[in-house]
Structure formats: structure tokens, C-alpha cells
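The next block is protein28.cif, given as mmCIF, C-alpha atoms.
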data_data
loop_
_atom_site.group_PDB
_atom_site.id
_atom_site.type_symbol
_atom_site.label_atom_id
_atom_site.label_comp_id
_atom_site.auth_asym_id
_atom_site.auth_seq_id
_atom_site.Cartn_x
_atom_site.Cartn_y
_atom_site.Cartn_z
ATOM 1 C CA MET A 30 150.280 66.297 169.047
ATOM 2 C CA ALA A 31 150.694 67.119 165.353
ATOM 3 C CA LYS A 32 147.633 68.362 163.572
ATOM 4 C CA LYS A 33 146.159 65.796 161.199
ATOM 5 C CA ASP A 34 146.273 66.721 157.531
ATOM 6 C CA PRO A 35 142.703 67.125 156.160
ATOM 7 C CA THR A 36 143.622 64.975 153.169
ATOM 8 C CA ASP A 37 144.556 62.096 155.504
ATOM 9 C CA LEU A 38 141.100 61.938 157.042
ATOM 10 C CA SER A 39 138.847 59.055 156.135
ATOM 11 C CA VAL A 40 135.627 59.750 154.265
ATOM 12 C CA GLU A 41 133.683 59.028 157.429
ATOM 13 C CA GLU A 42 135.717 61.596 159.408
ATOM 14 C CA LYS A 43 135.366 64.142 156.614
ATOM 15 C CA LEU A 44 131.597 63.750 156.521
ATOM 16 C CA LYS A 45 131.318 63.899 160.293
ATOM 17 C CA THR A 46 133.411 67.085 160.464
ATOM 18 C CA LEU A 47 131.436 68.568 157.585
ATOM 19 C CA TYR A 48 128.157 67.906 159.373
ATOM 20 C CA GLN A 49 129.533 69.508 162.554
ATOM 21 C CA LEU A 50 130.429 72.565 160.474
ATOM 22 C CA GLN A 51 126.929 72.606 158.995
ATOM 23 C CA THR A 52 125.388 72.486 162.484
ATOM 24 C CA THR A 53 127.620 75.333 163.665
ATOM 25 C CA LEU A 54 126.876 77.500 160.625
ATOM 26 C CA SER A 55 123.145 76.813 161.015
ATOM 27 C CA SER A 56 123.368 78.022 164.628
ATOM 28 C CA ILE A 57 125.042 81.213 163.391
ATOM 29 C CA ASP A 58 122.258 81.623 160.821
ATOM 30 C CA GLU A 59 119.681 81.323 163.605
ATOM 31 C CA LYS A 60 121.415 84.099 165.555
ATOM 32 C CA LYS A 61 121.450 86.282 162.473
ATOM 33 C CA ALA A 62 117.783 85.496 161.829
ATOM 34 C CA LEU A 63 116.936 87.146 165.169
ATOM 35 C CA ARG A 64 117.906 90.444 163.585
ATOM 36 C CA GLY A 65 115.132 90.008 161.051
ATOM 37 C CA GLU A 66 115.083 92.592 158.280
ATOM 38 C CA LEU A 67 116.986 95.196 160.324
ATOM 39 C CA PRO A 68 120.364 94.715 158.588
ATOM 40 C CA LEU A 69 118.705 95.111 155.181
ATOM 41 C CA GLU A 70 116.752 98.144 156.368
ATOM 42 C CA VAL A 71 119.936 99.724 157.724
ATOM 43 C CA GLN A 72 121.731 99.013 154.437
ATOM 44 C CA ASP A 73 118.850 100.490 152.414
ATOM 45 C CA LEU A 74 118.839 103.627 154.567
ATOM 46 C CA GLU A 75 122.604 104.007 154.230
ATOM 47 C CA ASP A 76 122.332 103.665 150.456
ATOM 48 C CA GLU A 77 119.484 106.174 150.358
ATOM 49 C CA ILE A 78 121.426 108.631 152.505
ATOM 50 C CA GLU A 79 124.435 108.270 150.225
ATOM 51 C CA GLY A 80 122.209 108.933 147.212
ATOM 52 C CA LEU A 81 120.635 112.001 148.839
ATOM 53 C CA THR A 82 124.061 113.342 149.828
ATOM 54 C CA THR A 83 125.297 112.983 146.245
ATOM 55 C CA ARG A 84 122.149 114.675 144.940
ATOM 56 C CA ILE A 85 122.510 117.557 147.389
ATOM 57 C CA GLU A 86 126.138 118.049 146.362
ATOM 58 C CA LYS A 87 125.068 118.157 142.709
ATOM 59 C CA ILE A 88 122.300 120.671 143.470
ATOM 60 C CA HIS A 89 124.823 122.897 145.269
ATOM 61 C CA LYS A 90 127.088 122.693 142.221
ATOM 62 C CA ASP A 91 124.203 123.545 139.873
ATOM 63 C CA ILE A 92 123.248 126.564 141.999
ATOM 64 C CA ASP A 93 126.866 127.740 141.997
ATOM 65 C CA ASP A 94 127.035 127.317 138.208
ATOM 66 C CA PHE A 95 123.837 129.328 137.700
ATOM 67 C CA GLN A 96 125.010 132.059 140.055
ATOM 68 C CA ASN A 97 128.351 132.250 138.255
ATOM 69 C CA ALA A 98 126.464 132.502 134.963
ATOM 70 C CA ILE A 99 124.370 135.351 136.393
ATOM 71 C CA THR A 100 127.509 137.163 137.530
ATOM 72 C CA GLN A 101 129.073 136.678 134.104
ATOM 73 C CA LYS A 102 125.989 137.969 132.267
ATOM 74 C CA LYS A 103 125.846 141.004 134.538
ATOM 75 C CA ALA A 104 129.465 141.728 133.677
ATOM 76 C CA GLU A 105 128.608 141.364 129.951
ATOM 77 C CA ILE A 106 125.718 143.809 130.417
ATOM 78 C CA VAL A 107 128.052 146.353 131.990
ATOM 79 C CA GLU A 108 130.503 145.909 129.133
ATOM 80 C CA ALA A 109 127.757 146.136 126.496
ATOM 81 C CA GLN A 110 126.273 149.224 128.154
ATOM 82 C CA ALA A 111 129.702 150.887 128.123
ATOM 83 C CA SER A 112 129.978 150.128 124.404
ATOM 84 C CA VAL A 113 126.529 151.644 123.779
ATOM 85 C CA ASP A 114 127.495 154.811 125.658
ATOM 86 C CA ARG A 115 130.739 155.039 123.717
ATOM 87 C CA TYR A 116 129.030 154.528 120.356
ATOM 88 C CA LYS A 117 126.425 157.179 121.208
ATOM 89 C CA GLN A 118 129.189 159.697 121.894
ATOM 90 C CA GLN A 119 130.797 158.811 118.575
ATOM 91 C CA LEU A 120 127.515 159.541 116.791
ATOM 92 C CA ASP A 121 128.055 163.225 117.488
ATOM 93 C CA GLU A 122 131.357 163.127 115.638
ATOM 94 C CA VAL A 123 130.384 161.216 112.497
ATOM 95 C CA LYS A 124 131.385 162.767 109.154
ATOM 96 C CA ASN A 125 129.219 160.734 106.810
ATOM 97 C CA ASN A 126 126.157 158.492 106.647
ATOM 98 C CA ARG A 127 128.257 155.343 106.388
ATOM 99 C CA GLU A 128 129.841 155.912 109.799
ATOM 100 C CA TYR A 129 126.447 156.800 111.248
ATOM 101 C CA ASP A 130 124.858 153.565 109.987
ATOM 102 C CA THR A 131 127.762 151.509 111.298
ATOM 103 C CA LEU A 132 127.551 153.034 114.764
ATOM 104 C CA SER A 133 123.776 152.704 114.820
ATOM 105 C CA LYS A 134 124.039 149.003 114.018
ATOM 106 C CA GLU A 135 126.627 148.525 116.772
ATOM 107 C CA ILE A 136 124.363 150.302 119.255
ATOM 108 C CA GLU A 137 121.437 148.128 118.185
ATOM 109 C CA PHE A 138 123.547 144.967 118.453
ATOM 110 C CA GLN A 139 124.821 145.856 121.934
ATOM 111 C CA THR A 140 121.278 146.700 123.041
ATOM 112 C CA LEU A 141 120.113 143.263 121.880
ATOM 113 C CA GLU A 142 123.041 141.696 123.737
ATOM 114 C CA ILE A 143 121.914 143.492 126.899
ATOM 115 C CA GLU A 144 118.352 142.234 126.458
ATOM 116 C CA LEU A 145 119.608 138.690 125.808
ATOM 117 C CA CYS A 146 121.802 138.822 128.919
ATOM 118 C CA ASN A 147 118.862 140.027 131.006
ATOM 119 C CA LYS A 148 116.778 137.147 129.665
ATOM 120 C CA LYS A 149 119.535 134.660 130.529
ATOM 121 C CA ILE A 150 119.789 136.181 134.015
ATOM 122 C CA ARG A 151 116.037 135.788 134.582
ATOM 123 C CA GLU A 152 116.141 132.166 133.405
ATOM 124 C CA ALA A 153 119.143 131.419 135.591
ATOM 125 C CA GLN A 154 117.505 133.078 138.570
ATOM 126 C CA THR A 155 114.381 130.951 138.047
ATOM 127 C CA ARG A 156 116.570 127.841 137.938
ATOM 128 C CA VAL A 157 118.322 128.953 141.114
ATOM 129 C CA ASN A 158 114.975 129.331 142.879
ATOM 130 C CA ASP A 159 113.854 125.866 141.670
ATOM 131 C CA LYS A 160 117.134 124.312 142.745
ATOM 132 C CA THR A 161 116.914 126.032 146.133
ATOM 133 C CA GLU A 162 113.481 124.493 146.718
ATOM 134 C CA GLU A 163 114.759 121.080 145.569
ATOM 135 C CA LEU A 164 117.750 121.489 147.869
ATOM 136 C CA SER A 165 115.517 122.267 150.830
ATOM 137 C CA SER A 166 113.315 119.227 150.094
ATOM 138 C CA ASN A 167 116.310 116.888 149.786
ATOM 139 C CA GLU A 168 117.956 118.227 152.936
ATOM 140 C CA GLU A 169 114.736 117.619 154.860
ATOM 141 C CA ALA A 170 114.514 114.071 153.438
ATOM 142 C CA LEU A 171 118.163 113.495 154.351
ATOM 143 C CA LYS A 172 117.532 114.603 157.911
ATOM 144 C CA ASP A 173 114.560 112.210 158.209
ATOM 145 C CA ARG A 174 116.573 109.292 156.808
ATOM 146 C CA GLN A 175 119.440 110.001 159.164
ATOM 147 C CA ASN A 176 117.046 109.945 162.127
ATOM 148 C CA ASP A 177 115.522 106.659 160.888
ATOM 149 C CA LEU A 178 119.000 105.206 160.415
ATOM 150 C CA GLU A 179 120.018 106.118 163.943
ATOM 151 C CA ILE A 180 116.894 104.416 165.361
ATOM 152 C CA LYS A 181 117.397 101.266 163.264
ATOM 153 C CA LYS A 182 121.082 101.076 164.163
ATOM 154 C CA ASN A 183 120.274 101.334 167.859
ATOM 155 C CA GLU A 184 117.731 98.505 167.550
ATOM 156 C CA LEU A 185 120.230 96.392 165.624
ATOM 157 C CA ASP A 186 123.003 97.079 168.139
ATOM 158 C CA GLU A 187 120.738 96.000 171.017
ATOM 159 C CA ILE A 188 119.929 92.701 169.302
ATOM 160 C CA MET A 189 123.550 92.093 168.288
ATOM 161 C CA GLU A 190 124.746 92.844 171.811
ATOM 162 C CA GLU A 191 122.658 89.956 173.111
ATOM 163 C CA THR A 192 124.077 87.434 170.657
ATOM 164 C CA ARG A 193 127.527 88.872 169.877
ATOM 165 C CA ALA A 194 129.495 86.714 172.352
ATOM 166 C CA GLU A 195 127.709 83.495 171.417
ATOM 167 C CA GLU A 196 127.963 84.236 167.714
ATOM 168 C CA ALA A 197 131.691 84.985 168.018
ATOM 169 C CA SER A 198 132.192 81.670 169.822
ATOM 170 C CA LEU A 199 130.292 79.799 167.108
ATOM 171 C CA GLN A 200 132.244 81.568 164.369
ATOM 172 C CA GLU A 201 135.512 80.621 166.062
ATOM 173 C CA LYS A 202 134.370 77.000 166.179
ATOM 174 C CA ALA A 203 133.345 77.132 162.511
ATOM 175 C CA ASP A 204 136.743 78.550 161.527
ATOM 176 C CA GLU A 205 138.479 75.759 163.432
ATOM 177 C CA LEU A 206 136.331 73.088 161.756
ATOM 178 C CA GLU A 207 137.039 74.556 158.316
ATOM 179 C CA THR A 208 140.760 73.995 158.829
ATOM 180 C CA LYS A 209 140.066 70.282 159.322
ATOM 181 C CA ILE A 210 138.266 69.920 156.000
ATOM 182 C CA GLU A 211 139.942 69.409 152.663
ATOM 183 C CA PRO A 212 139.851 72.767 150.769
ATOM 184 C CA ARG A 213 138.218 71.358 147.657
ATOM 185 C CA LEU A 214 135.504 69.583 149.659
ATOM 186 C CA LEU A 215 134.985 72.692 151.786
ATOM 187 C CA ALA A 216 134.635 74.898 148.683
ATOM 188 C CA SER A 217 132.059 72.487 147.226
ATOM 189 C CA PHE A 218 130.119 72.400 150.500
ATOM 190 C CA LEU A 219 130.054 76.204 150.796
ATOM 191 C CA ARG A 220 128.940 76.522 147.180
ATOM 192 C CA ILE A 221 126.095 74.020 147.743
ATOM 193 C CA ARG A 222 125.132 75.754 150.987
ATOM 194 C CA LYS A 223 125.040 79.150 149.295
ATOM 195 C CA GLY A 224 122.686 77.840 146.611
ATOM 196 C CA ALA A 225 120.382 76.083 149.082
ATOM 197 C CA ARG A 226 117.327 78.010 150.231
ATOM 198 C CA ASN A 227 117.614 76.846 153.841
ATOM 199 C CA GLY A 228 121.408 77.034 153.944
ATOM 200 C CA LEU A 229 121.861 73.271 154.286
ATOM 201 C CA GLY A 230 124.772 71.880 152.303
ATOM 202 C CA ILE A 231 124.814 68.450 153.955
ATOM 203 C CA VAL A 232 121.797 66.513 155.212
ATOM 204 C CA TYR A 233 121.098 63.040 156.557
ATOM 205 C CA VAL A 234 118.708 60.500 155.146
ATOM 206 C CA GLN A 235 115.222 60.683 156.619
ATOM 207 C CA ARG A 236 112.668 57.957 155.979
ATOM 208 C CA ASP A 237 114.509 56.747 152.873
ATOM 209 C CA ALA A 238 114.530 60.294 151.454
ATOM 210 C CA CYS A 239 116.896 63.251 151.166
ATOM 211 C CA GLY A 240 116.671 65.480 154.237
ATOM 212 C CA GLY A 241 116.886 68.560 152.015
ATOM 213 C CA CYS A 242 114.507 68.063 149.109
ATOM 214 C CA PHE A 243 112.687 64.961 150.486
ATOM 215 C CA ASN A 244 112.985 63.000 147.257
ATOM 216 C CA LYS A 245 113.219 59.240 147.614
ATOM 217 C CA ILE A 246 116.686 57.666 147.572
ATOM 218 C CA PRO A 247 117.134 54.262 145.875
ATOM 219 C CA PRO A 248 118.003 51.378 148.253
ATOM 220 C CA GLN A 249 121.408 50.797 146.632
ATOM 221 C CA ARG A 250 122.326 54.438 147.077
ATOM 222 C CA GLN A 251 121.244 54.288 150.714
ATOM 223 C CA LEU A 252 123.519 51.298 151.188
ATOM 224 C CA ASP A 253 126.421 53.276 149.686
ATOM 225 C CA ILE A 254 125.697 56.122 152.098
ATOM 226 C CA LYS A 255 125.761 53.746 155.070
ATOM 227 C CA MET A 256 129.131 52.364 153.937
ATOM 228 C CA HIS A 257 130.852 55.799 154.368
ATOM 229 C CA LYS A 258 133.259 54.974 151.557
ATOM 230 C CA LYS A 259 132.673 57.992 149.360
ATOM 231 C CA VAL A 260 130.981 61.379 149.332
ATOM 232 C CA ILE A 261 127.523 61.019 147.815
ATOM 233 C CA VAL A 262 125.271 63.870 146.751
ATOM 234 C CA CYS A 263 121.534 63.946 146.145
ATOM 235 C CA GLU A 264 120.797 63.581 142.444
ATOM 236 C CA TYR A 265 117.879 66.008 142.782
ATOM 237 C CA CYS A 266 119.125 68.938 144.900
ATOM 238 C CA GLY A 267 122.899 68.345 144.942
ATOM 239 C CA ARG A 268 123.226 68.302 148.742
ATOM 240 C CA ILE A 269 125.762 65.985 150.353
ATOM 241 C CA LEU A 270 124.078 62.978 151.953
ATOM 242 C CA ILE A 271 125.142 61.164 155.142
ATOM 243 C CA ASP A 272 123.886 58.381 157.331
ATOM 244 C CA PRO A 273 121.703 59.502 160.299
ATOM 245 C CA GLU A 274 123.935 57.640 162.764
ATOM 246 C CA LEU A 275 126.966 59.529 161.464
ATOM 247 C CA ALA A 276 125.091 62.761 162.092
ATOM 248 C CA GLY A 277 124.404 61.669 165.665
ATOM 249 C CA VAL A 278 120.736 61.086 165.000
ATOM 250 C CA LYS A 279 119.203 57.893 166.245
ATOM 251 C CA SER A 280 117.245 56.446 163.407
ATOM 252 C CA GLU A 281 114.027 54.821 164.369
ATOM 253 C CA ALA A 282 113.957 51.114 163.772
ATOM 254 C CA PRO A 283 111.512 50.440 160.997
ATOM 255 C CA VAL A 284 108.401 48.927 162.360
ATOM 256 C CA ALA A 285 107.788 45.777 160.418
ATOM 257 C CA GLU A 286 104.237 45.433 159.542
ATOM 258 C CA GLU A 287 102.973 42.117 160.692
ATOM 259 C CA LYS A 288 101.464 40.240 157.934
ATOM 260 C CA LYS A 289 97.926 39.553 158.661
ATOM 261 C CA LYS A 290 97.402 35.900 158.583
ATOM 262 C CA THR A 291 94.402 35.270 156.566
ATOM 263 C CA VAL A 292 92.789 32.192 157.909
ATOM 264 C CA ARG A 293 91.012 30.446 155.230
ATOM 265 C CA LYS A 294 87.862 29.135 156.701
ATOM 266 C CA ARG A 295 87.011 25.765 155.440
ATOM 267 C CA VAL A 296 83.486 25.840 154.337
ATOM 268 C CA VAL A 297 81.907 22.522 154.939
ATOM 269 C CA ARG A 298 78.903 22.117 152.920
ATOM 270 C CA LYS A 299 76.507 19.661 154.413
ATOM 271 C CA THR A 300 74.905 17.757 151.686
ATOM 272 C CA ALA A 301 71.567 16.323 152.495
ATOM 273 C CA LYS A 302 71.620 12.531 152.485
ATOM 274 C CA LYS A 303 69.399 11.145 149.883
ATOM 275 C CA GLU A 304 66.760 8.923 151.388
ATOM 276 C CA ASP A 305 66.321 5.512 149.971
ATOM 277 C CA PRO A 306 62.746 5.000 148.787
ATOM 278 C CA GLU A 307 62.743 1.646 150.557
ATOM 279 C CA ASP A 308 63.447 3.337 153.887
ATOM 280 C CA ILE A 309 60.352 5.452 153.619
ATOM 281 C CA VAL A 310 57.662 3.955 155.842
ATOM 282 C CA PRO A 311 54.131 4.950 155.015
ATOM 283 C CA GLU A 312 52.325 6.656 157.801
ATOM 284 C CA SER A 313 49.642 4.067 157.719
ATOM 285 C CA LEU A 314 52.116 1.296 158.464
ATOM 286 C CA ALA A 315 54.094 3.210 161.039
#
Kindly present the structure from the file in C-alpha cells form.
Amino acid sequence: MAKKDPTDLSVEEKLKTLYQLQTTLSSIDEKKALRGELPLEVQDLEDEIEGLTTRIEKIHKDIDDFQNAITQKKAEIVEAQASVDRYKQQLDEVKNNREYDTLSKEIEFQTLEIELCNKKIREAQTRVNDKTEELSSNEEALKDRQNDLEIKKNELDEIMEETRAEEASLQEKADELETKIEPRLLASFLRIRKGARNGLGIVYVQRDACGGCFNKIPPQRQLDIKMHKKVIVCEYCGRILIDPELAGVKSEAPVAEEKKKTVRKRVVRKTAKKEDPEDIVPESLA
């Protein structure tokens, strides 16, 4: 039997399929909720480990740079010391004061260069020691994070193992349902679902209100929803609205409140009959 084109489906069929997809995706969300904060914790640890690894690599590079600088300065000291020794030998062969002053200045300059190189070596060595301590601290932190990550991953794997098969089955069902829905409608539904706090992109009417935000729906709009002629969204939260019966939910018949019959009691006022003076018989004549 040829597969029905999603665009050929009636609005009622589209809404019904969309609600089935929502139910399936909600079931997947419930399975994922069992993992709690573990996936986020694992991700945070992985990010932290990556950051520590990068920092450790940079510290290693800094230490190498400082050590290279120390080696270079030591080589400059050797070169400067050789120049000093050479200039001192030339002092014994000077012929005038001008040559003597020039050589003396060169010796002084090279001596200062040696002192400056020694200072740079001491500073670099101090930085190497600081970096070595920082390296040790970061390596220890990295080891702790790696141990924590291994524990968290094991916990997550145990939980996922319990729900993996069921979740895969639900995902397969969701993928199949998505193929039955018009792409534009599906994209709108997924966008609404992503923006909803509880992940509900389509809800049914409950007690004359939206099942997502619980705002009242006007009677005319409810009638339109029951007609299944077009896709209607909540004007407050933007969720797609459907009739409860279409969602497979038996709506409770509204209990009509019996009007209390107010029985008007007829108040009969008994008026005292006025006695005729002629009817009054004196006691003496009675």
C-alpha cells in the first residue's frame, strides 16, 4: 500500500498524528529525566578537563620558554665573559690613553651585560619554579576531575542501560510519526515545543481552558477546535489546541447544576374581622 502524502491528510488526521508524536516525545523526555543532572555534570566535567588540559599544555610551553631563555642568557654570559677576558689582555698592549679608555668602557659594558644576564636568569628561574608549582596543582586537579568523570559516566551508563532499548523504540516511533506530518507543520510544532517549559507543543482543552497555560478559551474558539477544520493555537502561549476526544481523552460530561426551585410561599395574612357593635352583647344581658 502506497504511503499517504502528509499534505493529503485531513486536519483531523494531522492533529491526531501530531498529538501521538507529542505523547511519544514526552515519554522520551521522561526517560531522559531519570538521568537527572548527570548528563550536565558529565558535560561540565569534560569541559573542565579540557580547560585544565589546555592550561597544563600552556604551562609546559611557558616553562620551556623560560628554560630556553635561561640557556640563551647563559650562552650570552659565556660570550660576554670571553670578550672581557680578551679586552683585559688588550689592555696590556695599549699605546695611548684613548685605547685604554675605549677598552675599559667595553670591559665595563660587558660586565654589566653579565650582571643583567644573571638577573634575567634568576627571574626566569623564579618563574620556572612558580610555573612548576602551578603545573603540579593543575595536574592534581586534572587527576581528581578525571576520577570524578569516570564515576559519573559509570552512573550515567547504568541508568542509560536500563532505558536504552525502550528509548530507542520510542525514538524510532517518533521518527516514523514525523514522516507522516507535513514539514512546515512539524517545524512549527518543534519550535513551539522547544520554547515551552514543559516540552508540550500541542495540548487538549481542559475545563474550557488551554491545557498548557490554563487560560480560558472563548466558546466560539472551542467550537472551532471541536470542528477539526483548521489548526488553532492558544492566543496566550502559542501551543496548538485540540479537542480532548481527538486526543483520546474522555471528556467528562458537564454536570448541569439543577436550578433550585425557589418556592414562593404565599403568605396569608389573617385579618381580624371587625366586630359589629350591634353584635356585642353586654355581659349583663348574656
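Minimum distance to Leu164 (chain A) across A:Leu81, A:Leu38, A:Ile150, A:Cys266 (counting all atoms listed in the file) occurs at A:Leu81.
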> If you apply the PyMOL selection byres ((chain A and resi 218) around 12) to this file, what residues do you get, as a ChimeraX atom specification?
Replying inline: /A:43-44,46-48,50-51,54,207,210-217,219-225,228-232,260-262,267-270
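CA of Glu105 (chain A) is positioned 29.0 Å from CA of Asn126 (chain A).
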If we count only C-alpha atoms, what is near Ala170 (chain A) at a cut-off of 12 Å, once residues fewer than 4 positions away on the same chain are taken out, given as a CSV table (one decimal) with C-alpha atoms, keeping the file's coordinate frame?
chain,number,residue,atom,x,y,z
A,74,LEU,CA,118.8,103.6,154.6
A,77,GLU,CA,119.5,106.2,150.4
A,78,ILE,CA,121.4,108.6,152.5
A,79,GLU,CA,124.4,108.3,150.2
A,80,GLY,CA,122.2,108.9,147.2
A,81,LEU,CA,120.6,112.0,148.8
A,82,THR,CA,124.1,113.3,149.8
A,84,ARG,CA,122.1,114.7,144.9
A,85,ILE,CA,122.5,117.6,147.4
A,163,GLU,CA,114.8,121.1,145.6
A,164,LEU,CA,117.8,121.5,147.9
A,165,SER,CA,115.5,122.3,150.8
A,166,SER,CA,113.3,119.2,150.1
A,174,ARG,CA,116.6,109.3,156.8
A,175,GLN,CA,119.4,110.0,159.2
A,176,ASN,CA,117.0,109.9,162.1
A,177,ASP,CA,115.5,106.7,160.9
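Between CA of Leu199 (chain A) and CA of Glu274 (chain A) there is a distance of 23.5 Å.
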Env of Leu185 (chain A): 10 Å cut, atoms = all atoms listed in the file, seq-sep filter 6 positions within chain, self excluded. Answer as a PDB file with C-alpha atoms, in the coordinates of the input.
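File written: result.pdb
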ATOM      1  CA  LEU A  63     116.936  87.146 165.169  1.00  0.00           C
ATOM      2  CA  ARG A  64     117.906  90.444 163.585  1.00  0.00           C
ATOM      3  CA  GLY A  65     115.132  90.008 161.051  1.00  0.00           C
ATOM      4  CA  GLU A  66     115.083  92.592 158.280  1.00  0.00           C
ATOM      5  CA  LEU A  67     116.986  95.196 160.324  1.00  0.00           C
ATOM      6  CA  PRO A  68     120.364  94.715 158.588  1.00  0.00           C
ATOM      7  CA  VAL A  71     119.936  99.724 157.724  1.00  0.00           C
ATOM      8  CA  GLU A 179     120.018 106.118 163.943  1.00  0.00           C
TER       9      GLU A 179
END
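Taking CA of Leu206 (chain A) as the reference point, CA of Asp37 (chain A) is found at 15.1 Å.
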